[in-house]
Amino acid sequence: MTTDTATGPDRSFLFVLGSSRPHGNTEILARAAAQQLPPGTRRRWVDLAQLPLPDFQDGRHESDGWTVGETEEALRQATLEATDIVLASPLYWYTLSAHTKRYLDYWSGWLTVPGSDFKQRMAGRTLWGVTAMADHDEVVADGLVTTLHHTAAYLRMRFGGLLTGNGSRPGQIRDDGRAMIRAKTFFQRETPLARFPYEEQTESR
C-alpha cells in the first residue's frame with residue numbers, strides 16, 4: 001500500500017487497483033482522475049495483485065470463525081479510514097475483475113466479525129468506479145454499474161458513478177480523449193445516496 005504525501009482533514013480517497021496487469025489502462029485512467037483532486041486531499045493506493053491475500057472463505061456460520069491475517073486487517077483498516085473508495089477494475093466478462101470481487105467478498109466477512117460495526121461505519125461514505133474496456137459501447141458496462149450501485153445501496157453509501165474508457169493494449173487508454181476529459185471532472189460529480197431500485201442518473205458515466 002502506498003500513500004501520497006498530500007494530506008487533508010476532510011476527504012480521504014482509497015484507490016483499490018484490481019487489475020492483474022501492473023500500470024494498466026484502468027490505473028492510468030484512475031490516476032488521471034486523481035490528479036484533479038484538490039491539493040491536500042489524502043490519497044492511498046492499494047494494488048490487490050501485489051497483496052498476499054488468500055481467497056475469501058465464508059465462515060459466518062461456523063463456530064470456529066475466521067482467523068484474520070495481517071494483510072486482511074491492514075486492508076480493512078484502510079477501507080474504514082477512507083471517506084471515498086474508488087474501485088479501479090478492468091471490465092472482465094462485463095463485471096469486476098477477480099481481484100476486485102475478492103476484495104468485496106471480504107466485506108461480507110467484515111460485516112459479521114464479532115463486535116464489528118463495519119456496516120454502520122461505511123454508511124455515508126462514497127463508492128466510485130473506474131474501468132477500462134475493449135468495447136467502445138459503454139452499455140456493456142451496465143452490469144458493473146449495477147454491482148457497484150447495489151453494493152453502495154446495501155451499505156447506505158453514496159455512489160459517484162462509473163468512469164469508463166476504451167483501452168485494451170497497454171497505454172491505449174491515453175488515446176481515448178473523451179475518457180481523459182471526463183477524468184478531469186469525475187470527482188467533482190454529485191454523489192447521491194444510493195437507493196434501491198437503481199435509477200441511472202443523467203451523465204452518470
# chains A, B, ... in the order shown; residues from 1 in each chain; ligands from 1
>>> select_by_dssp(residues="segment 56-153 of chain A", states="alpha helix (DSSP H)", output="short mmCIF file (atom, residue, chain, number, x, y, z; two decimals) with all heavy atoms, in the first residue's frame")
data_model
loop_
_atom_site.label_atom_id
_atom_site.label_comp_id
_atom_site.auth_asym_id
_atom_site.auth_seq_id
_atom_site.Cartn_x
_atom_site.Cartn_y
_atom_site.Cartn_z
N GLU A 70 -2.74 -10.57 8.78
CA GLU A 70 -2.20 -9.21 8.87
C GLU A 70 -2.58 -8.38 7.64
O GLU A 70 -2.96 -7.21 7.77
CB GLU A 70 -0.68 -9.27 9.00
CG GLU A 70 -0.02 -7.92 9.15
CD GLU A 70 1.48 -8.03 9.33
OE1 GLU A 70 1.97 -9.14 9.62
OE2 GLU A 70 2.18 -7.00 9.18
N THR A 71 -2.50 -8.97 6.44
CA THR A 71 -2.83 -8.24 5.23
C THR A 71 -4.30 -7.86 5.20
O THR A 71 -4.67 -6.74 4.85
CB THR A 71 -2.48 -9.08 3.99
OG1 THR A 71 -1.08 -9.37 3.98
CG2 THR A 71 -2.86 -8.33 2.71
N GLU A 72 -5.15 -8.80 5.59
CA GLU A 72 -6.59 -8.53 5.61
C GLU A 72 -6.92 -7.39 6.57
O GLU A 72 -7.70 -6.49 6.24
CB GLU A 72 -7.37 -9.77 6.01
CG GLU A 72 -8.87 -9.54 6.11
CD GLU A 72 -9.63 -10.71 6.69
OE1 GLU A 72 -9.05 -11.81 6.79
OE2 GLU A 72 -10.81 -10.51 7.06
N GLU A 73 -6.32 -7.41 7.75
CA GLU A 73 -6.62 -6.37 8.73
C GLU A 73 -6.14 -5.01 8.25
O GLU A 73 -6.82 -3.99 8.43
CB GLU A 73 -5.97 -6.72 10.06
CG GLU A 73 -6.20 -5.69 11.16
CD GLU A 73 -7.68 -5.45 11.47
OE1 GLU A 73 -8.52 -6.32 11.14
OE2 GLU A 73 -7.99 -4.39 12.04
N ALA A 74 -4.97 -4.96 7.60
CA ALA A 74 -4.47 -3.69 7.07
C ALA A 74 -5.41 -3.16 5.99
O ALA A 74 -5.67 -1.95 5.91
CB ALA A 74 -3.07 -3.87 6.51
N LEU A 75 -5.96 -4.07 5.16
CA LEU A 75 -6.88 -3.66 4.11
C LEU A 75 -8.20 -3.19 4.70
O LEU A 75 -8.80 -2.22 4.22
CB LEU A 75 -7.10 -4.83 3.15
CG LEU A 75 -7.85 -4.57 1.86
CD1 LEU A 75 -7.16 -3.47 1.04
CD2 LEU A 75 -7.95 -5.84 1.03
N ARG A 76 -8.65 -3.86 5.73
CA ARG A 76 -9.90 -3.45 6.39
C ARG A 76 -9.75 -2.05 7.00
O ARG A 76 -10.64 -1.20 6.86
CB ARG A 76 -10.30 -4.46 7.48
CG ARG A 76 -11.66 -4.17 8.12
CD ARG A 76 -11.99 -5.24 9.14
NE ARG A 76 -11.23 -5.05 10.36
CZ ARG A 76 -11.64 -4.32 11.41
NH1 ARG A 76 -12.82 -3.72 11.37
NH2 ARG A 76 -10.90 -4.21 12.47
N GLN A 77 -8.64 -1.82 7.67
CA GLN A 77 -8.41 -0.51 8.28
C GLN A 77 -8.31 0.58 7.21
O GLN A 77 -8.83 1.69 7.39
CB GLN A 77 -7.14 -0.54 9.14
CG GLN A 77 -7.29 -1.35 10.42
CD GLN A 77 -8.37 -0.81 11.35
OE1 GLN A 77 -8.62 0.39 11.39
NE2 GLN A 77 -9.00 -1.70 12.10
N ALA A 78 -7.63 0.28 6.10
CA ALA A 78 -7.52 1.26 5.02
C ALA A 78 -8.90 1.60 4.46
O ALA A 78 -9.18 2.76 4.12
CB ALA A 78 -6.62 0.73 3.91
N THR A 79 -9.76 0.59 4.38
CA THR A 79 -11.11 0.81 3.88
C THR A 79 -11.90 1.71 4.82
O THR A 79 -12.58 2.65 4.39
CB THR A 79 -11.83 -0.54 3.70
OG1 THR A 79 -11.09 -1.37 2.79
CG2 THR A 79 -13.25 -0.34 3.17
N LEU A 80 -11.81 1.44 6.11
CA LEU A 80 -12.58 2.19 7.09
C LEU A 80 -12.06 3.61 7.28
O LEU A 80 -12.80 4.50 7.71
CB LEU A 80 -12.57 1.46 8.43
CG LEU A 80 -13.40 0.17 8.48
CD1 LEU A 80 -13.15 -0.57 9.78
CD2 LEU A 80 -14.88 0.47 8.30
N GLU A 81 -10.79 3.84 6.96
CA GLU A 81 -10.21 5.17 7.13
C GLU A 81 -10.55 6.11 5.98
O GLU A 81 -10.34 7.31 6.08
CB GLU A 81 -8.69 5.06 7.26
CG GLU A 81 -8.24 4.43 8.59
CD GLU A 81 -6.76 4.13 8.61
OE1 GLU A 81 -6.07 4.43 7.60
OE2 GLU A 81 -6.28 3.56 9.60
N ALA A 98 -11.39 -10.49 -10.94
CA ALA A 98 -11.36 -11.46 -9.84
C ALA A 98 -10.76 -10.84 -8.58
O ALA A 98 -11.25 -11.08 -7.47
CB ALA A 98 -10.56 -12.69 -10.26
N HIS A 99 -9.69 -10.05 -8.73
CA HIS A 99 -9.06 -9.42 -7.57
C HIS A 99 -10.04 -8.49 -6.86
O HIS A 99 -10.12 -8.49 -5.63
CB HIS A 99 -7.84 -8.62 -8.00
CG HIS A 99 -6.68 -9.44 -8.44
ND1 HIS A 99 -6.15 -10.46 -7.66
CD2 HIS A 99 -5.93 -9.41 -9.58
CE1 HIS A 99 -5.13 -11.01 -8.30
NE2 HIS A 99 -4.98 -10.41 -9.46
N THR A 100 -10.78 -7.70 -7.64
CA THR A 100 -11.71 -6.74 -7.04
C THR A 100 -12.89 -7.44 -6.39
O THR A 100 -13.33 -7.07 -5.30
CB THR A 100 -12.21 -5.74 -8.10
OG1 THR A 100 -11.11 -5.27 -8.88
CG2 THR A 100 -12.90 -4.56 -7.44
N LYS A 101 -13.40 -8.47 -7.05
CA LYS A 101 -14.53 -9.21 -6.48
C LYS A 101 -14.12 -9.87 -5.17
O LYS A 101 -14.90 -9.90 -4.20
CB LYS A 101 -15.00 -10.27 -7.48
CG LYS A 101 -16.12 -11.16 -6.98
CD LYS A 101 -17.36 -10.37 -6.58
CE LYS A 101 -18.57 -11.27 -6.36
NZ LYS A 101 -18.36 -12.26 -5.28
N ARG A 102 -12.90 -10.38 -5.09
CA ARG A 102 -12.42 -11.00 -3.85
C ARG A 102 -12.38 -9.96 -2.73
O ARG A 102 -12.73 -10.25 -1.59
CB ARG A 102 -11.04 -11.62 -4.06
CG ARG A 102 -10.48 -12.29 -2.81
CD ARG A 102 -9.17 -13.00 -3.11
NE ARG A 102 -8.17 -12.08 -3.62
CZ ARG A 102 -6.96 -12.46 -4.02
NH1 ARG A 102 -6.62 -13.74 -4.01
NH2 ARG A 102 -6.10 -11.57 -4.47
N TYR A 103 -11.94 -8.74 -3.06
CA TYR A 103 -11.92 -7.66 -2.07
C TYR A 103 -13.32 -7.41 -1.52
O TYR A 103 -13.51 -7.31 -0.30
CB TYR A 103 -11.33 -6.41 -2.72
CG TYR A 103 -11.50 -5.13 -1.93
CD1 TYR A 103 -10.94 -4.98 -0.66
CD2 TYR A 103 -12.22 -4.06 -2.47
CE1 TYR A 103 -11.09 -3.79 0.05
CE2 TYR A 103 -12.36 -2.87 -1.77
CZ TYR A 103 -11.80 -2.74 -0.51
OH TYR A 103 -11.95 -1.57 0.19
N LEU A 104 -14.31 -7.34 -2.39
CA LEU A 104 -15.68 -7.13 -1.93
C LEU A 104 -16.20 -8.33 -1.15
O LEU A 104 -17.00 -8.18 -0.21
CB LEU A 104 -16.61 -6.84 -3.11
CG LEU A 104 -16.45 -5.46 -3.76
CD1 LEU A 104 -17.50 -5.29 -4.86
CD2 LEU A 104 -16.57 -4.34 -2.74
N ASP A 105 -15.75 -9.53 -1.50
CA ASP A 105 -16.15 -10.71 -0.73
C ASP A 105 -15.68 -10.58 0.72
O ASP A 105 -16.39 -11.00 1.65
CB ASP A 105 -15.56 -11.98 -1.34
CG ASP A 105 -16.27 -12.40 -2.62
OD1 ASP A 105 -17.38 -11.89 -2.87
OD2 ASP A 105 -15.72 -13.23 -3.37
N TYR A 106 -14.52 -9.99 0.92
CA TYR A 106 -14.03 -9.78 2.28
C TYR A 106 -14.93 -8.83 3.05
O TYR A 106 -15.04 -8.93 4.28
CB TYR A 106 -12.60 -9.25 2.26
CG TYR A 106 -11.57 -10.35 2.28
CD1 TYR A 106 -11.09 -10.92 1.11
CD2 TYR A 106 -11.08 -10.86 3.48
CE1 TYR A 106 -10.16 -11.94 1.11
CE2 TYR A 106 -10.15 -11.89 3.52
CZ TYR A 106 -9.69 -12.43 2.33
OH TYR A 106 -8.78 -13.45 2.35
N TRP A 107 -15.59 -7.92 2.34
CA TRP A 107 -16.54 -7.04 3.04
C TRP A 107 -17.62 -7.88 3.72
O TRP A 107 -18.08 -7.51 4.81
CB TRP A 107 -17.19 -6.07 2.05
CG TRP A 107 -16.30 -4.97 1.56
CD1 TRP A 107 -14.94 -4.95 1.56
CD2 TRP A 107 -16.71 -3.72 0.99
NE1 TRP A 107 -14.47 -3.77 1.02
CE2 TRP A 107 -15.54 -3.00 0.66
CE3 TRP A 107 -17.95 -3.15 0.71
CZ2 TRP A 107 -15.58 -1.73 0.07
CZ3 TRP A 107 -17.99 -1.89 0.13
CH2 TRP A 107 -16.81 -1.19 -0.18
N SER A 108 -18.03 -8.98 3.10
CA SER A 108 -19.04 -9.86 3.70
C SER A 108 -18.56 -10.37 5.05
O SER A 108 -19.33 -10.43 6.02
CB SER A 108 -19.33 -11.05 2.77
OG SER A 108 -19.84 -10.61 1.53
N GLY A 109 -17.29 -10.75 5.11
CA GLY A 109 -16.74 -11.21 6.38
C GLY A 109 -16.64 -10.11 7.41
O GLY A 109 -16.92 -10.32 8.61
N TRP A 110 -16.27 -8.92 6.98
CA TRP A 110 -16.13 -7.79 7.91
C TRP A 110 -17.47 -7.36 8.49
O TRP A 110 -17.53 -6.78 9.58
CB TRP A 110 -15.45 -6.62 7.20
CG TRP A 110 -14.06 -6.95 6.72
CD1 TRP A 110 -13.28 -7.98 7.14
CD2 TRP A 110 -13.33 -6.26 5.71
NE1 TRP A 110 -12.08 -7.98 6.46
CE2 TRP A 110 -12.08 -6.93 5.57
CE3 TRP A 110 -13.58 -5.15 4.90
CZ2 TRP A 110 -11.11 -6.53 4.67
CZ3 TRP A 110 -12.61 -4.74 4.00
CH2 TRP A 110 -11.39 -5.41 3.89
N LEU A 111 -18.54 -7.65 7.77
CA LEU A 111 -19.87 -7.31 8.27
C LEU A 111 -20.26 -8.12 9.49
O LEU A 111 -21.09 -7.69 10.29
CB LEU A 111 -20.92 -7.54 7.17
CG LEU A 111 -20.97 -6.53 6.03
CD1 LEU A 111 -21.83 -7.06 4.90
CD2 LEU A 111 -21.50 -5.19 6.52
N PHE A 118 -18.85 -2.51 10.91
CA PHE A 118 -18.43 -2.19 9.54
C PHE A 118 -19.55 -1.54 8.74
O PHE A 118 -19.33 -0.51 8.10
CB PHE A 118 -17.95 -3.46 8.83
CG PHE A 118 -17.40 -3.22 7.46
CD1 PHE A 118 -16.13 -2.68 7.27
CD2 PHE A 118 -18.14 -3.53 6.32
CE1 PHE A 118 -15.61 -2.46 6.00
CE2 PHE A 118 -17.64 -3.31 5.05
CZ PHE A 118 -16.37 -2.77 4.89
N LYS A 119 -20.74 -2.10 8.80
CA LYS A 119 -21.83 -1.55 8.01
C LYS A 119 -22.19 -0.15 8.48
O LYS A 119 -22.42 0.75 7.65
CB LYS A 119 -23.06 -2.46 8.10
CG LYS A 119 -24.18 -2.03 7.17
CD LYS A 119 -25.29 -3.07 7.13
CE LYS A 119 -26.37 -2.67 6.12
NZ LYS A 119 -27.46 -3.70 6.03
N GLN A 120 -22.23 0.07 9.77
CA GLN A 120 -22.56 1.38 10.30
C GLN A 120 -21.50 2.41 9.92
O GLN A 120 -21.82 3.57 9.61
CB GLN A 120 -22.71 1.31 11.82
CG GLN A 120 -23.93 0.53 12.30
CD GLN A 120 -23.72 -0.98 12.28
OE1 GLN A 120 -22.65 -1.47 11.90
NE2 GLN A 120 -24.75 -1.71 12.68
N ARG A 121 -20.24 2.01 9.94
CA ARG A 121 -19.16 2.94 9.66
C ARG A 121 -19.05 3.25 8.17
O ARG A 121 -18.57 4.32 7.78
CB ARG A 121 -17.83 2.39 10.18
CG ARG A 121 -17.78 2.31 11.69
CD ARG A 121 -16.49 1.69 12.18
NE ARG A 121 -15.34 2.55 11.89
CZ ARG A 121 -14.09 2.22 12.22
NH1 ARG A 121 -13.84 1.08 12.84
NH2 ARG A 121 -13.10 3.05 11.92
N MET A 122 -19.49 2.33 7.32
CA MET A 122 -19.43 2.57 5.88
C MET A 122 -20.56 3.47 5.41
O MET A 122 -20.45 4.11 4.35
CB MET A 122 -19.49 1.24 5.13
CG MET A 122 -18.27 0.35 5.33
SD MET A 122 -16.74 1.08 4.71
CE MET A 122 -16.99 0.86 2.94
N ASP A 142 -22.93 -1.88 -18.07
CA ASP A 142 -24.09 -1.66 -17.21
C ASP A 142 -24.12 -2.63 -16.03
O ASP A 142 -24.56 -2.28 -14.94
CB ASP A 142 -25.39 -1.81 -18.02
CG ASP A 142 -25.68 -0.57 -18.86
OD1 ASP A 142 -24.94 0.43 -18.72
OD2 ASP A 142 -26.63 -0.60 -19.67
N GLY A 143 -23.69 -3.87 -16.26
CA GLY A 143 -23.66 -4.85 -15.17
C GLY A 143 -22.72 -4.41 -14.05
O GLY A 143 -23.02 -4.59 -12.86
N LEU A 144 -21.59 -3.82 -14.42
CA LEU A 144 -20.65 -3.33 -13.42
C LEU A 144 -21.23 -2.16 -12.65
O LEU A 144 -21.08 -2.07 -11.43
CB LEU A 144 -19.34 -2.92 -14.11
CG LEU A 144 -18.26 -2.28 -13.24
CD1 LEU A 144 -17.95 -3.15 -12.03
CD2 LEU A 144 -17.01 -2.01 -14.06
N VAL A 145 -21.92 -1.26 -13.36
CA VAL A 145 -22.56 -0.12 -12.69
C VAL A 145 -23.57 -0.63 -11.66
O VAL A 145 -23.61 -0.14 -10.52
CB VAL A 145 -23.26 0.79 -13.72
CG1 VAL A 145 -24.04 1.90 -13.01
CG2 VAL A 145 -22.25 1.40 -14.68
N THR A 146 -24.37 -1.61 -12.05
CA THR A 146 -25.37 -2.16 -11.13
C THR A 146 -24.72 -2.79 -9.91
O THR A 146 -25.18 -2.59 -8.77
CB THR A 146 -26.24 -3.19 -11.86
OG1 THR A 146 -26.90 -2.58 -12.97
CG2 THR A 146 -27.30 -3.77 -10.92
N THR A 147 -23.65 -3.54 -10.11
CA THR A 147 -22.94 -4.15 -9.00
C THR A 147 -22.46 -3.11 -8.00
O THR A 147 -22.65 -3.23 -6.79
CB THR A 147 -21.74 -4.97 -9.50
OG1 THR A 147 -22.21 -6.07 -10.29
CG2 THR A 147 -20.90 -5.50 -8.35
N LEU A 148 -21.83 -2.06 -8.51
CA LEU A 148 -21.30 -1.02 -7.63
C LEU A 148 -22.42 -0.27 -6.91
O LEU A 148 -22.35 -0.01 -5.71
CB LEU A 148 -20.44 -0.04 -8.43
CG LEU A 148 -19.19 -0.63 -9.08
CD1 LEU A 148 -18.45 0.45 -9.87
CD2 LEU A 148 -18.26 -1.25 -8.05
N HIS A 149 -23.46 0.08 -7.67
CA HIS A 149 -24.57 0.82 -7.07
C HIS A 149 -25.25 0.01 -5.98
O HIS A 149 -25.54 0.52 -4.89
CB HIS A 149 -25.61 1.20 -8.12
CG HIS A 149 -26.83 1.83 -7.53
ND1 HIS A 149 -27.92 1.08 -7.13
CD2 HIS A 149 -27.12 3.12 -7.21
CE1 HIS A 149 -28.83 1.88 -6.62
NE2 HIS A 149 -28.38 3.12 -6.66
N HIS A 150 -25.53 -1.27 -6.25
CA HIS A 150 -26.23 -2.09 -5.27
C HIS A 150 -25.37 -2.31 -4.02
O HIS A 150 -25.90 -2.40 -2.91
CB HIS A 150 -26.64 -3.43 -5.88
CG HIS A 150 -27.81 -3.32 -6.81
ND1 HIS A 150 -28.36 -2.13 -7.19
CD2 HIS A 150 -28.55 -4.28 -7.44
CE1 HIS A 150 -29.39 -2.34 -8.01
NE2 HIS A 150 -29.52 -3.64 -8.17
N THR A 151 -24.07 -2.43 -4.22
CA THR A 151 -23.17 -2.56 -3.08
C THR A 151 -23.27 -1.31 -2.20
O THR A 151 -23.37 -1.40 -0.97
CB THR A 151 -21.72 -2.75 -3.55
OG1 THR A 151 -21.62 -3.95 -4.31
CG2 THR A 151 -20.76 -2.82 -2.36
N ALA A 152 -23.24 -0.14 -2.85
CA ALA A 152 -23.37 1.11 -2.11
C ALA A 152 -24.72 1.21 -1.42
O ALA A 152 -24.82 1.64 -0.27
CB ALA A 152 -23.16 2.30 -3.05
N ALA A 153 -25.79 0.83 -2.12
CA ALA A 153 -27.13 0.92 -1.55
C ALA A 153 -27.28 0.02 -0.32
O ALA A 153 -27.88 0.42 0.68
CB ALA A 153 -28.17 0.56 -2.60
#
>>> closest_atom_pairs(of="segment 16-91 of chain A", to="segment 127-137 of chain A", cutoff="9 Å", atoms="only C-alpha atoms", output="tab-separated table")
residue	atom	partner	partner_atom	distance
A:Gly24	CA	A:Ala132	CA	8.8
A:Asn25	CA	A:Ala132	CA	6.0
A:Thr26	CA	A:Ala132	CA	4.9
A:Glu27	CA	A:Val130	CA	8.4
A:Leu29	CA	A:Val130	CA	7.3
A:Ala30	CA	A:Val130	CA	6.2
A:Thr83	CA	A:Leu127	CA	8.8
A:Asp84	CA	A:Leu127	CA	6.0
A:Ile85	CA	A:Leu127	CA	5.0
A:Val86	CA	A:Trp128	CA	4.6
A:Leu87	CA	A:Gly129	CA	4.9
A:Ala88	CA	A:Val130	CA	4.6
A:Ser89	CA	A:Thr131	CA	5.2
A:Pro90	CA	A:Thr131	CA	4.8
A:Leu91	CA	A:Met133	CA	5.3
>>> write_last_selection(atoms="C-alpha atoms", output="compact mmCIF listing (two decimals), in the first residue's frame")
# COMPACT_ATOMS: atom_id res chain seq x y z
CA GLY A 24 -2.69 -0.95 -16.90
CA ASN A 25 -5.25 1.21 -18.66
CA THR A 26 -7.64 1.30 -15.71
CA GLU A 27 -4.90 2.51 -13.39
CA LEU A 29 -7.41 6.46 -16.06
CA ALA A 30 -7.79 6.39 -12.26
CA THR A 83 -14.25 8.71 3.06
CA ASP A 84 -14.19 7.74 -0.63
CA ILE A 85 -13.44 4.29 -2.02
CA VAL A 86 -12.56 4.02 -5.70
CA LEU A 87 -12.73 0.54 -7.22
CA ALA A 88 -10.48 0.66 -10.29
CA SER A 89 -11.20 -2.59 -12.09
CA PRO A 90 -10.91 -3.51 -15.76
CA LEU A 91 -14.15 -4.80 -17.23
>>> select_by_dssp(residues="segment 16-196 of chain A", states="strand (DSSP E or B)", output="VMD selection string")
chain A and resid 16 to 17 42 to 47 84 to 88 92 95 126 to 133 158 to 166 193
>>> closest_residue(among="A:Ala49, A:Ile28, A:Ala33, A:Leu17", to="Thr185 of chain A", atoms="only C-alpha atoms")
A:Ala33
>>> residues_around(residues="segment 187-191 of chain A", least_positions_apart="3", cutoff="7 Å", atoms="only C-alpha atoms", output="PyMOL selection string")
chain A and resi 158-160
>>> write_last_selection(atoms="N, CA and C atoms", output="tab-separated table (two decimals), in the first residue's frame")
chain	number	residue	atom	x	y	z
A	158	ARG	N	-22.99	6.53	-0.51
A	158	ARG	CA	-23.25	7.34	-1.68
A	158	ARG	C	-22.56	6.69	-2.88
A	159	PHE	N	-23.07	6.99	-4.08
A	159	PHE	CA	-22.50	6.39	-5.28
A	159	PHE	C	-22.12	7.49	-6.26
A	160	GLY	N	-20.84	7.52	-6.62
A	160	GLY	CA	-20.34	8.55	-7.51
A	160	GLY	C	-20.39	8.21	-8.98
>>> atom_distance(atom1="atom CA of Ala34 of chain A", atom2="atom CA of Phe13 of chain A")
8.9 Å
>>> atom_distance(atom1="atom CA of Arg44 of chain A", atom2="atom CA of Arg11 of chain A")
11.3 Å
